[in-house]
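The block underneath contains the structure these notes are about, expressed in structure tokens.
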2 protein chains.
Amino acid sequence: MILKAPEKNIRRYGKAEGTGYQSPEVWSKVTGKAVYGIDLNLPGMLYGKILRSPYPHARIKKVDTTAAEALPGVRAVLTGAKLESKPFGIAVEDELPLAVDRVRYIGDEVAAVAAVDLQTAVQAIKAIKVEYEELPAVCDPAEALQEGAPQLHDNFPGNVAWQRELVRGSPGDAFTGADLVVEENFTVPAIHQAYLEPISCVAVDDPYTGITLHTALQSPDAVRKIVAGVLNYPLSKVHVSGPVMGGGFGGRVYGNLKVYILSALLAIKSGSPVKIQLTREEEFTAGRPMIAAAIQMKMTVRRDGTILGREADIITDNGAYSAQAPWVSKTVSERNDSVYRIPSIKTRVRLAYTNKIPTGQYRAYGNQAANFATESLIDMAAKKLGLDPLEMRLKNCVREGDITVHGLQIGKCGLDECLKAAAKEIGWDQKKEGRGYGLSVAIHANGSLVFDKNFRGASALARLELDGRITIFTGEQDYGQGTHAAFAQIAARTLDVSPAQVTVESKETKTAPFSTGALAMRQTTIGGKAIQLAAEDLREKIFKTAAELAGAPVTMENGVMCSISGQELALAEVAYYNHSATSGLSMTGEGKFVPEESDYDESGYGNISIAYSYAAHAVEVELDKTTGALTVHRLVAAHDSGRIINHLTARGQIYGGVAQGIGMSCLEGYLFDEGRVANASLAEYKIPTALDLPEIVPIFIEIEDPAGPYGSKGLGEIVMVPVLGAVANAAADAAGVRVTGLPLSAEIIYQAISGWECEQ
Amino acid sequence: MILKAPEKNIRRYGKAEGTGYQSPEVWSKVTGKAVYGIDLNLPGMLYGKILRSPYPHARIKKVDTTAAEALPGVRAVLTGAKLESKPFGIAVEDELPLAVDRVRYIGDEVAAVAAVDLQTAVQAIKAIKVEYEELPAVCDPAEALQEGAPQLHDNFPGNVAWQRELVRGSPGDAFTGADLVVEENFTVPAIHQAYLEPISCVAVDDPYTGITLHTALQSPDAVRKIVAGVLNYPLSKVHVSGPVMGGGFGGRVYGNLKVYILSALLAIKSGSPVKIQLTREEEFTAGRPMIAAAIQMKMTVRRDGTILGREADIITDNGAYSAQAPWVSKTVSERNDSVYRIPSIKTRVRLAYTNKIPTGQYRAYGNQAANFATESLIDMAAKKLGLDPLEMRLKNCVREGDITVHGLQIGKCGLDECLKAAAKEIGWDQKKEGRGYGLSVAIHANGSLVFDKNFRGASALARLELDGRITIFTGEQDYGQGTHAAFAQIAARTLDVSPAQVTVESKETKTAPFSTGALAMRQTTIGGKAIQLAAEDLREKIFKTAAELAGAPVTMENGVMCSISGQELALAEVAYYNHSATSGLSMTGEGKFVPEESDYDESGYGNISIAYSYAAHAVEVELDKTTGALTVHRLVAAHDSGRIINHLTARGQIYGGVAQGIGMSCLEGYLFDEGRVANASLAEYKIPTALDLPEIVPIFIEIEDPAGPYGSKGLGEIVMVPVLGAVANAAADAAGVRVTGLPLSAEIIYQAISGWECEQ
């Protein structure tokens, strides 16, 4: 075929279309055509199903798969004994693909089958006979840490999965002769991420290219690394190919590793593609919800409201296996401390193994649990000292130039302005009769410099297509939050074209640059910076080639190059010239964003991120004292996430994050009957509906931060953080008493205001 | 997740595993697990079906789709009138996606539907009412060229789709007072490529990424270019994603454009993925078989056997639309001329529109049709002059340093050796009683410098993976011929690793470099050279980074780097160091092979390729004179394709190409009953089975050619060329009379030896 040189079709694109650009990527979703993992169906595909433990703790005496294997249509049966696997894990290596001699929670994976249809797979699972010997179980984390408690893992004595003690400054001195000490025990239950689409995976094993996992993940590279390790495959022989993602919120960073590993093992054993699709009940009973935390916290404050010190003793509930719980516990124990100028800190955190569902992470990584405790104490202190909670916060909150108690370096910071704006908008000075008001502030990091010290940044490729369009290759994931729209805008701005001319590709690990993924609020700041650098590199290459083509230096505007002689060149012409000169290699810009190393030390002190985002929320509630029912009427979310790249998707982040914050504050939470999940369905586990939500008022304090692309910073996670404290404070303001255990359900509030004993 | 630095796991790979390397890519095929286009089944997919003309030539008066549209389950109905398309085409723009006012052959596309299942689609097609007014048809190409014949296309008067007259040297003088003139009319019928898997396509339209055609193609980039033009989509919004390819042989270079265009249009209209799968009958009646040719040829020869001149008048049968027939006709008219030193040439070729199936290309692009004619004349001349056909060929065949009658520059050339080796191996000097013997020679180009003057080469990327493995990205396609094995070997040799460490990716146009594709025998020579250059570039980058890491210059052996101090580094270590330094951009080598421009002039004179391959075949046959049945006992295929990279796959090419040559020589050919294909099934259209094949003896004359990678050249197409002439010559030798129309069926040969009138 002959590819003709493009006609001289000079088309002027509009300038970057404001900051409300909507990427056509969303159209397939709103028209119902998007293909989610749940929709996937490959030729010759088998259906996998997992047999799970019915006991919270038991010894496996015998697994008999004879009857299952004999069932017509069954193609593979796996048991732990046959696999001979080494333990694997995320933070800690404490899991096996299938239990070998012990099960540790109701839901623990015991066997897996692949069959020609789902019915046969279910039948086969039922046909597997397992003899168990029940063992004493421990389900309460505090009990689990006590001497004599049943032990879950031989190599984790005392059921301590992870622990840490932190001392900064002189906490002992701070509490000596304090003007005021406030102290309380706070509890936050385990929370499911409740993404719309249950996790699924279709695994395909190819003798040439290796294993491909067709599954949507926030961090495909993290998952394939672990799966490759378990399978003992070279890393470049494990790929993730992402369908459209039906929500993640942290729950799809590592997703459900057992699903990926078992579908891969079944695919290898059967020689056919295998799909495992979790049911909603499996999501609730064998997913990886956010850890529950019990936070005992006390704070010492000077009469004028200055915070002098704080002590905390935190127990987090790991469940039977660790997943990310150690890292989340670490965040619970420290991140929130940096939002105020607290000179002295003493914190102990212990993560306890219990015979319950293993835990993972949720949007904001536990920062919100600590926010609930700290912000409650602030209001308690302000009340006792007769201070305005707003003034007390303004007195203590961090400002540009600060180095916080854990060594975070506060750069551009609009926290003060956020507080003032939120308070003004909620009507802090004109409070309505019969309403309760609450405030809360938050800080959150934009990615981590210390998580993997050898991989602190991100990279991207920007490719000029033959038709003059731009394709960005990135490992950063968009699962609805609008990252790709922002990326298109960043590239478009750099290249002076319309964002509609830019397509962002991220779903294939075979071709996307390696990435840490959609987590830690790192994508816009770090991933976006790499895209800016890639587009800048491409722009330089375009200029160079165009100058060669035009025989004179060029400038670019609206996607059209102009030489000094006034000659006009379309980007497609430059692309075609390069195409011819390279025999088909596309002109590609490389973006390598490698932040400087951190001064982080072994105690966990140091600057852990290139930038921080800030927020202040203000809430107005109404309480029905006859029932305890709380109505959140209005929530003002004032955010400093630097320059906002896309107001449309940024507002969307605020609506979504606030909704989840309202859910966590007022409605959600795992209920356990010993080790059994007692509310394992969306009928029993309440997530907020539109009717449960307040009017949400986003305010952006747009202080450009040089760290991120075009002065922008992250927003996705921090949105959820201040909701808990603000709602709790508003509820306390309305009720006159304080509830310290979430969720703030009508019965709990009623118990509190009526003085009844509260038993969860 | 933390990606740990790889352990110091120095693994020594074996040297490139000889030249019989078998890529694991084939394993999925031999185990039945490979997913071909025919197996594809996407979520929400509809089934497309095409309504075809029952008349060879007719006016469309009315198309009524009301009943079809009203059928439950029908999601889209397309007619030509509704589409408002511009004509498109490959060599000539003479086709519409659907006929508007006229149909020109039995099979012409009139309407298309998409429905929820195939049954409904078939029902819908039947429910469409078309009123036709029959028009006079012309099915014989010679008649079509005569005055007064029915005209097919208004803008191609006289039914001339394409024509050319060529004069080189002084053909008039050459024939004046010649020692000998031999002259004959030769005919070659239309031939179907008879690939194992009928063509199919699943088209998906996505509002963000555009149209993706899930279909296996030899030249995905050529097809998406045309489809983008028809759809009026930007080129970068049309992608091809290739499943495993079930054979091509030229038939999948452009494949069946109507299938891709109509599935795309139906997908756009219905909003769902649409699959069109041709039946075998549709393949035979509406595919794109190789053109039939009638070649009137005369040759003048000096008494000593020196060829002095040649004249030819060729009529090729285009069918109703052109596809690639003009380009194939061009090859028929000239390529074979360059295998001998012929000083004077006069050729006319006319491509005639007829009311029959449109035509395309087959392995060797028509070179074999001319070979049949020329090689028959050579033997006829030798017989008349009492010369040994071997000696006559040795006297005339081209040799290194020659510039041929059409300007081809003969570089390294082992044609002489091929002839001698083939003759020796067949026992030319010890012929067996009762057997017939024939020889034939061929030349074939390795890609074209003139087809697209702005795109003469190829490019590739070589990527170092984090585990030290290598991935090659190329647009060159492997459909079973073993290209990827050879590419892995080229990269492995360049990087001094094992070919098993190399994976070749080519199936996604989104990420493969733009390529001309698997055609014109260009892949090893041109595509392979680009891969060598990419691997060389990667090697340099590896050396640079490794030296940085080791703090001293390094050398590489067996995939392990050694510094001058003796320090050893695994490739994985170098990859990880780079990974860290670039935040995840893989180290990638670029290979840009851009051959120099050709001196090709407007008359078609000049050097059209960077290299040429050569072959001589020798055949031993036996004839049953009582029935005319010909048995080919033995075929010696001596080839100069430079240094052979992979003897295993090279032998495979010879076995396959010879088999197809035997088919074309002895069995195959379209039969027409006016415009209707009379043998539209594999039961009636005979392709050779194992029982029809001779013993095949491959001989490689390995003369390294500096043009290709490591001295190698192309083999795939030339294999088929000499079979026709050699078999025809052996048959004539055995029969004592010459059959000049293919295939050499028993009845035709019997008619010839019995003196009966032959009527095909």
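Following the order of the structure tokens, first chain is A, next is B, and so on, with residues numbered from 1 inside each chain and ligands from 1 in the order they appear.
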Each residue of chain A lying at most 7 Å from chain B should get a row with its shortest atom-to-atom pair and the distance in Å to one decimal, counting only C-alpha atoms; could you produce that, ordered by chain and increasing number, as CSV?
residue,atom,partner,partner_atom,distance
A:Met1,CA,B:Ala222,CA,5.3
A:Ile2,CA,B:Asp452,CA,5.1
A:Pro24,CA,B:Tyr208,CA,5.1
A:Glu25,CA,B:Tyr208,CA,4.7
A:Trp27,CA,B:Pro207,CA,6.3
A:Ser28,CA,B:Pro207,CA,6.4
A:Asp39,CA,B:Pro43,CA,6.0
A:Leu40,CA,B:Pro43,CA,6.2
A:Asn41,CA,B:Pro43,CA,6.5
A:Leu42,CA,B:Asn41,CA,6.8
A:Pro43,CA,B:Asp39,CA,6.0
A:Asp206,CA,B:Ser28,CA,6.8
A:Pro207,CA,B:Pro24,CA,5.9
A:Tyr208,CA,B:Glu25,CA,4.7
A:Ala222,CA,B:Met1,CA,5.4
A:Pro234,CA,B:Asp467,CA,6.2
A:Leu235,CA,B:Asp467,CA,5.9
A:Ser236,CA,B:Glu465,CA,6.3
A:Phe451,CA,B:Ile2,CA,6.9
A:Asp452,CA,B:Ile2,CA,5.1
A:Asn454,CA,B:Ser580,CA,5.5
A:Phe455,CA,B:Ser580,CA,5.5
A:Arg456,CA,B:Ser583,CA,6.9
A:Gly457,CA,B:Ser583,CA,5.3
A:Ala458,CA,B:Ser583,CA,4.9
A:Ser459,CA,B:Ser583,CA,5.6
A:Glu465,CA,B:Ser236,CA,6.3
A:Asp467,CA,B:Leu235,CA,5.9
A:Pro513,CA,B:Leu585,CA,5.4
A:Phe514,CA,B:Gly584,CA,4.7
A:Ser515,CA,B:Gly584,CA,6.6
A:Thr516,CA,B:Met1,CA,7.0
A:Ser580,CA,B:Phe455,CA,5.4
A:Thr582,CA,B:Lys592,CA,5.2
A:Ser583,CA,B:Ala458,CA,4.9
A:Gly584,CA,B:Phe514,CA,4.7
A:Leu585,CA,B:Pro513,CA,5.4
A:Lys592,CA,B:Thr582,CA,5.2
A:Phe593,CA,B:Ser583,CA,6.4
A:Val594,CA,B:Ser583,CA,5.9
Range 223-274 of chain B: residues DSSP assigns to helix (DSSP H, G or I), reported as a count of residues only | 26
Among range 467-648 of chain A, which ones does DSSP place in strand (DSSP E or B), written as an MDAnalysis selection string?
-> chainID A and resid 470:474 502:505 508 554:557 560:563 568:570 587:593 612:624 629:640 642
For Tyr710 in chain A, please output as a short mmCIF file (atom, residue, chain, number, x, y, z; two decimals) with C-alpha atoms, in the first residue's frame all residues within 10 Å (counting only C-alpha atoms; exclusion window: fewer than 6 positions along the same chain).
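So selection_33.cif came out as:
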data_model
loop_
_atom_site.label_atom_id
_atom_site.label_comp_id
_atom_site.auth_asym_id
_atom_site.auth_seq_id
_atom_site.Cartn_x
_atom_site.Cartn_y
_atom_site.Cartn_z
CA ILE A 490 -1.41 18.49 30.33
CA ARG A 493 -1.18 22.46 26.89
CA THR A 494 2.45 21.52 26.45
CA THR A 525 1.36 15.22 40.50
CA GLY A 528 1.15 14.05 35.20
CA LYS A 529 4.61 15.55 35.57
CA GLN A 532 4.38 16.99 30.81
CA GLY A 642 -2.74 23.51 43.62
CA ARG A 643 -3.89 24.72 40.22
CA ILE A 644 -6.91 22.65 39.17
CA ILE A 645 -6.37 21.12 35.75
CA GLU A 704 0.21 26.79 42.26
#
In Å to one decimal, how far is CA of Pro358 in chain A from CA of Arg104 in chain A?
->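 Those two atoms sit 9.6 Å apart.
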Need to verify the contact set: Leu439 in chain A, 9 Å, only C-alpha atoms, exclusion of same-chain residues closer than 3 positions in sequence. Can you return it as a PDB file with C-alpha atoms, in the first residue's frame?
ATOM      1  CA  GLU A 375     -10.471  16.467  65.013  1.00  0.00           C
ATOM      2  CA  ASP A 379     -13.339  20.300  69.286  1.00  0.00           C
ATOM      3  CA  PRO A 389     -12.983  25.637  66.973  1.00  0.00           C
ATOM      4  CA  LEU A 390     -12.173  27.638  63.843  1.00  0.00           C
ATOM      5  CA  ARG A 393      -7.541  25.292  64.094  1.00  0.00           C
ATOM      6  CA  LEU A 419     -10.351  26.866  56.668  1.00  0.00           C
ATOM      7  CA  ALA A 422     -15.069  26.682  54.298  1.00  0.00           C
ATOM      8  CA  ALA A 423     -16.138  28.443  57.482  1.00  0.00           C
ATOM      9  CA  ALA A 616     -10.814  22.009  55.286  1.00  0.00           C
ATOM     10  CA  HIS A 617     -14.394  20.836  55.414  1.00  0.00           C
ATOM     11  CA  ALA A 618     -17.303  22.500  57.152  1.00  0.00           C
ATOM     12  CA  VAL A 619     -20.546  20.692  57.809  1.00  0.00           C
ATOM     13  CA  PRO A 722     -11.921  15.645  56.695  1.00  0.00           C
ATOM     14  CA  VAL A 723     -15.507  14.432  56.251  1.00  0.00           C
ATOM     15  CA  GLY A 725     -14.056  14.688  61.756  1.00  0.00           C
ATOM     16  CA  ALA A 726     -16.315  17.446  60.456  1.00  0.00           C
ATOM     17  CA  VAL A 727     -19.451  15.303  60.587  1.00  0.00           C
ATOM     18  CA  ASN A 729     -17.989  17.506  65.310  1.00  0.00           C
ATOM     19  CA  ALA A 730     -21.225  18.773  63.800  1.00  0.00           C
TER      20      ALA A 730
END
Could you work out how far CA of Leu630 in chain A lies from CA of Met392 in chain A, giving the answer in Å with one decimal?
->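 Atom-to-atom, CA of Met392 in chain A and CA of Leu630 in chain A are spaced 25.6 Å apart.
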Determine, counting only C-alpha atoms, which protein, DNA and RNA residues have an atom within 9 Å of an atom of Lys62 in chain A; residues of the same chain fewer than 2 positions away are not included. Present the result as a list of chain:residue names.
-> A:Ile60, A:Asp64, A:Asp101, A:Lys129, A:Val130, A:Glu131, A:Tyr132
Store the residues picked out above in a file with all heavy atoms, as a PDB file, in the first residue's frame.
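Final file, again.pdb:
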ATOM      1  N   ILE A  60      -6.774 -28.387  58.707  1.00  0.00           N
ATOM      2  CA  ILE A  60      -7.254 -29.212  57.594  1.00  0.00           C
ATOM      3  C   ILE A  60      -6.672 -30.605  57.771  1.00  0.00           C
ATOM      4  O   ILE A  60      -5.451 -30.771  57.774  1.00  0.00           O
ATOM      5  CB  ILE A  60      -6.819 -28.633  56.231  1.00  0.00           C
ATOM      6  CG1 ILE A  60      -7.445 -27.255  56.020  1.00  0.00           C
ATOM      7  CG2 ILE A  60      -7.200 -29.571  55.092  1.00  0.00           C
ATOM      8  CD1 ILE A  60      -6.958 -26.551  54.758  1.00  0.00           C
ATOM      9  N   ASP A  64     -10.427 -34.258  49.978  1.00  0.00           N
ATOM     10  CA  ASP A  64     -10.658 -35.318  48.996  1.00  0.00           C
ATOM     11  C   ASP A  64     -11.341 -34.711  47.765  1.00  0.00           C
ATOM     12  O   ASP A  64     -12.497 -34.286  47.813  1.00  0.00           O
ATOM     13  CB  ASP A  64     -11.526 -36.411  49.627  1.00  0.00           C
ATOM     14  CG  ASP A  64     -11.765 -37.567  48.646  1.00  0.00           C
ATOM     15  OD1 ASP A  64     -11.303 -37.465  47.477  1.00  0.00           O
ATOM     16  OD2 ASP A  64     -12.416 -38.548  49.041  1.00  0.00           O
ATOM     17  N   ASP A 101      -2.463 -26.578  55.591  1.00  0.00           N
ATOM     18  CA  ASP A 101      -2.858 -27.374  56.750  1.00  0.00           C
ATOM     19  C   ASP A 101      -3.766 -26.622  57.710  1.00  0.00           C
ATOM     20  O   ASP A 101      -4.296 -27.217  58.641  1.00  0.00           O
ATOM     21  CB  ASP A 101      -1.617 -27.900  57.493  1.00  0.00           C
ATOM     22  CG  ASP A 101      -0.654 -26.782  57.818  1.00  0.00           C
ATOM     23  OD1 ASP A 101      -0.982 -25.602  57.524  1.00  0.00           O
ATOM     24  OD2 ASP A 101       0.428 -27.072  58.356  1.00  0.00           O
ATOM     25  N   LYS A 129     -14.578 -32.871  49.467  1.00  0.00           N
ATOM     26  CA  LYS A 129     -14.793 -33.170  50.891  1.00  0.00           C
ATOM     27  C   LYS A 129     -13.567 -32.741  51.692  1.00  0.00           C
ATOM     28  O   LYS A 129     -12.462 -33.204  51.446  1.00  0.00           O
ATOM     29  CB  LYS A 129     -15.025 -34.671  51.066  1.00  0.00           C
ATOM     30  CG  LYS A 129     -16.316 -35.167  50.409  1.00  0.00           C
ATOM     31  CD  LYS A 129     -16.584 -36.618  50.742  1.00  0.00           C
ATOM     32  CE  LYS A 129     -17.642 -37.192  49.809  1.00  0.00           C
ATOM     33  NZ  LYS A 129     -17.132 -37.469  48.428  1.00  0.00           N
ATOM     34  N   VAL A 130     -13.803 -31.871  52.658  1.00  0.00           N
ATOM     35  CA  VAL A 130     -12.704 -31.421  53.515  1.00  0.00           C
ATOM     36  C   VAL A 130     -13.010 -31.824  54.958  1.00  0.00           C
ATOM     37  O   VAL A 130     -14.108 -31.576  55.450  1.00  0.00           O
ATOM     38  CB  VAL A 130     -12.528 -29.892  53.438  1.00  0.00           C
ATOM     39  CG1 VAL A 130     -11.258 -29.463  54.183  1.00  0.00           C
ATOM     40  CG2 VAL A 130     -12.483 -29.426  51.997  1.00  0.00           C
ATOM     41  N   GLU A 131     -12.054 -32.472  55.579  1.00  0.00           N
ATOM     42  CA  GLU A 131     -12.189 -32.760  57.011  1.00  0.00           C
ATOM     43  C   GLU A 131     -11.431 -31.698  57.789  1.00  0.00           C
ATOM     44  O   GLU A 131     -10.236 -31.502  57.589  1.00  0.00           O
ATOM     45  CB  GLU A 131     -11.587 -34.142  57.339  1.00  0.00           C
ATOM     46  CG  GLU A 131     -12.533 -35.294  57.087  1.00  0.00           C
ATOM     47  CD  GLU A 131     -11.852 -36.614  57.424  1.00  0.00           C
ATOM     48  OE1 GLU A 131     -11.179 -36.693  58.475  1.00  0.00           O
ATOM     49  OE2 GLU A 131     -11.961 -37.545  56.594  1.00  0.00           O
ATOM     50  N   TYR A 132     -12.140 -31.021  58.659  1.00  0.00           N
ATOM     51  CA  TYR A 132     -11.516 -29.978  59.475  1.00  0.00           C
ATOM     52  C   TYR A 132     -11.478 -30.411  60.944  1.00  0.00           C
ATOM     53  O   TYR A 132     -12.340 -31.156  61.397  1.00  0.00           O
ATOM     54  CB  TYR A 132     -12.345 -28.690  59.425  1.00  0.00           C
ATOM     55  CG  TYR A 132     -12.392 -28.006  58.088  1.00  0.00           C
ATOM     56  CD1 TYR A 132     -13.498 -28.153  57.258  1.00  0.00           C
ATOM     57  CD2 TYR A 132     -11.359 -27.166  57.683  1.00  0.00           C
ATOM     58  CE1 TYR A 132     -13.575 -27.486  56.035  1.00  0.00           C
ATOM     59  CE2 TYR A 132     -11.433 -26.496  56.463  1.00  0.00           C
ATOM     60  CZ  TYR A 132     -12.541 -26.658  55.644  1.00  0.00           C
ATOM     61  OH  TYR A 132     -12.614 -25.996  54.448  1.00  0.00           O
TER      62      TYR A 132
END
Within 12 Å of Ile654 in chain A using only C-alpha atoms, minus same-chain residues under 5 positions, as an MDAnalysis selection string | chainID A and resid 481 615 617 635:639 641 647:649 659:662 695:700 714:723
Please produce a file of the residues just selected, as a compact mmCIF listing (two decimals), in the first residue's frame, where the atoms kept are N, CA and C atoms.
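For reference, out_11.txt as written:
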# COMPACT_ATOMS: atom_id res chain seq x y z
N GLN A 481 -12.04 8.44 37.64
CA GLN A 481 -11.76 9.68 38.36
C GLN A 481 -11.37 10.82 37.42
N ALA A 615 -6.89 20.43 52.96
CA ALA A 615 -8.33 20.60 52.86
C ALA A 615 -8.91 21.00 54.19
N HIS A 617 -12.97 21.04 55.68
CA HIS A 617 -14.39 20.84 55.41
C HIS A 617 -15.21 21.46 56.53
N LEU A 635 -22.28 20.35 53.08
CA LEU A 635 -20.87 20.13 53.35
C LEU A 635 -20.06 21.01 52.40
N VAL A 636 -19.25 21.86 52.97
CA VAL A 636 -18.38 22.70 52.16
C VAL A 636 -16.98 22.08 52.18
N ALA A 637 -16.49 21.78 51.00
CA ALA A 637 -15.19 21.13 50.89
C ALA A 637 -14.22 22.10 50.24
N ALA A 638 -13.39 22.72 51.06
CA ALA A 638 -12.42 23.68 50.53
C ALA A 638 -11.07 22.98 50.42
N HIS A 639 -10.50 23.01 49.20
CA HIS A 639 -9.30 22.21 48.93
C HIS A 639 -8.20 23.03 48.29
N SER A 641 -5.46 21.92 46.17
CA SER A 641 -4.79 20.89 45.39
C SER A 641 -4.01 21.57 44.28
N HIS A 647 -11.68 21.28 36.28
CA HIS A 647 -12.66 21.54 37.34
C HIS A 647 -13.81 20.54 37.34
N LEU A 648 -14.14 20.06 36.15
CA LEU A 648 -15.25 19.10 36.04
C LEU A 648 -14.94 17.82 36.81
N THR A 649 -13.77 17.24 36.51
CA THR A 649 -13.43 15.98 37.18
C THR A 649 -13.02 16.24 38.62
N ALA A 659 -19.19 11.69 49.38
CA ALA A 659 -20.21 10.65 49.52
C ALA A 659 -19.65 9.46 50.31
N GLN A 660 -18.43 9.06 49.96
CA GLN A 660 -17.85 7.93 50.68
C GLN A 660 -17.54 8.30 52.13
N GLY A 661 -17.16 9.56 52.34
CA GLY A 661 -16.92 10.03 53.70
C GLY A 661 -18.20 10.03 54.52
N ILE A 662 -19.29 10.43 53.90
CA ILE A 662 -20.60 10.41 54.58
C ILE A 662 -20.97 8.96 54.91
N GLU A 695 -26.04 18.72 50.39
CA GLU A 695 -25.55 19.62 49.35
C GLU A 695 -24.03 19.70 49.54
N ILE A 696 -23.31 19.51 48.46
CA ILE A 696 -21.83 19.52 48.56
C ILE A 696 -21.32 20.74 47.80
N VAL A 697 -20.54 21.55 48.48
CA VAL A 697 -20.05 22.80 47.86
C VAL A 697 -18.53 22.75 47.76
N PRO A 698 -18.02 22.49 46.56
CA PRO A 698 -16.55 22.46 46.41
C PRO A 698 -16.00 23.88 46.32
N ILE A 699 -14.91 24.10 46.98
CA ILE A 699 -14.17 25.37 46.85
C ILE A 699 -12.71 25.01 46.57
N PHE A 700 -12.15 25.63 45.55
CA PHE A 700 -10.74 25.35 45.25
C PHE A 700 -9.89 26.57 45.57
N GLY A 714 -2.52 16.59 43.83
CA GLY A 714 -3.54 15.55 43.93
C GLY A 714 -4.73 15.94 44.77
N LEU A 715 -5.84 15.26 44.53
CA LEU A 715 -7.10 15.60 45.19
C LEU A 715 -7.89 14.36 45.62
N GLY A 716 -7.69 13.26 44.90
CA GLY A 716 -8.59 12.11 45.02
C GLY A 716 -8.74 11.55 46.42
N GLU A 717 -7.66 11.41 47.16
CA GLU A 717 -7.76 10.75 48.46
C GLU A 717 -8.14 11.71 49.57
N ILE A 718 -7.54 12.89 49.55
CA ILE A 718 -7.72 13.81 50.67
C ILE A 718 -9.18 14.22 50.85
N VAL A 719 -9.94 14.14 49.76
CA VAL A 719 -11.36 14.54 49.81
C VAL A 719 -12.11 13.83 50.91
N MET A 720 -11.76 12.58 51.11
CA MET A 720 -12.53 11.77 52.05
C MET A 720 -12.13 12.04 53.51
N VAL A 721 -10.89 12.52 53.70
CA VAL A 721 -10.32 12.59 55.05
C VAL A 721 -11.11 13.47 56.01
N PRO A 722 -11.35 14.76 55.66
CA PRO A 722 -11.92 15.64 56.69
C PRO A 722 -13.40 15.40 56.96
N VAL A 723 -14.07 14.63 56.09
CA VAL A 723 -15.51 14.43 56.25
C VAL A 723 -15.81 13.84 57.63
Residues within 9 Å of Thr627 in chain A, only C-alpha atoms, excluding chain neighbours under 2 positions, as an MDAnalysis selection string | chainID A and resid 623:625 629:630 746:747 749:750
How far is it from CA of Tyr21 in chain A to CA of Leu495 in chain A, in Å with one decimal?
->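 A separation of 16.2 Å between them.
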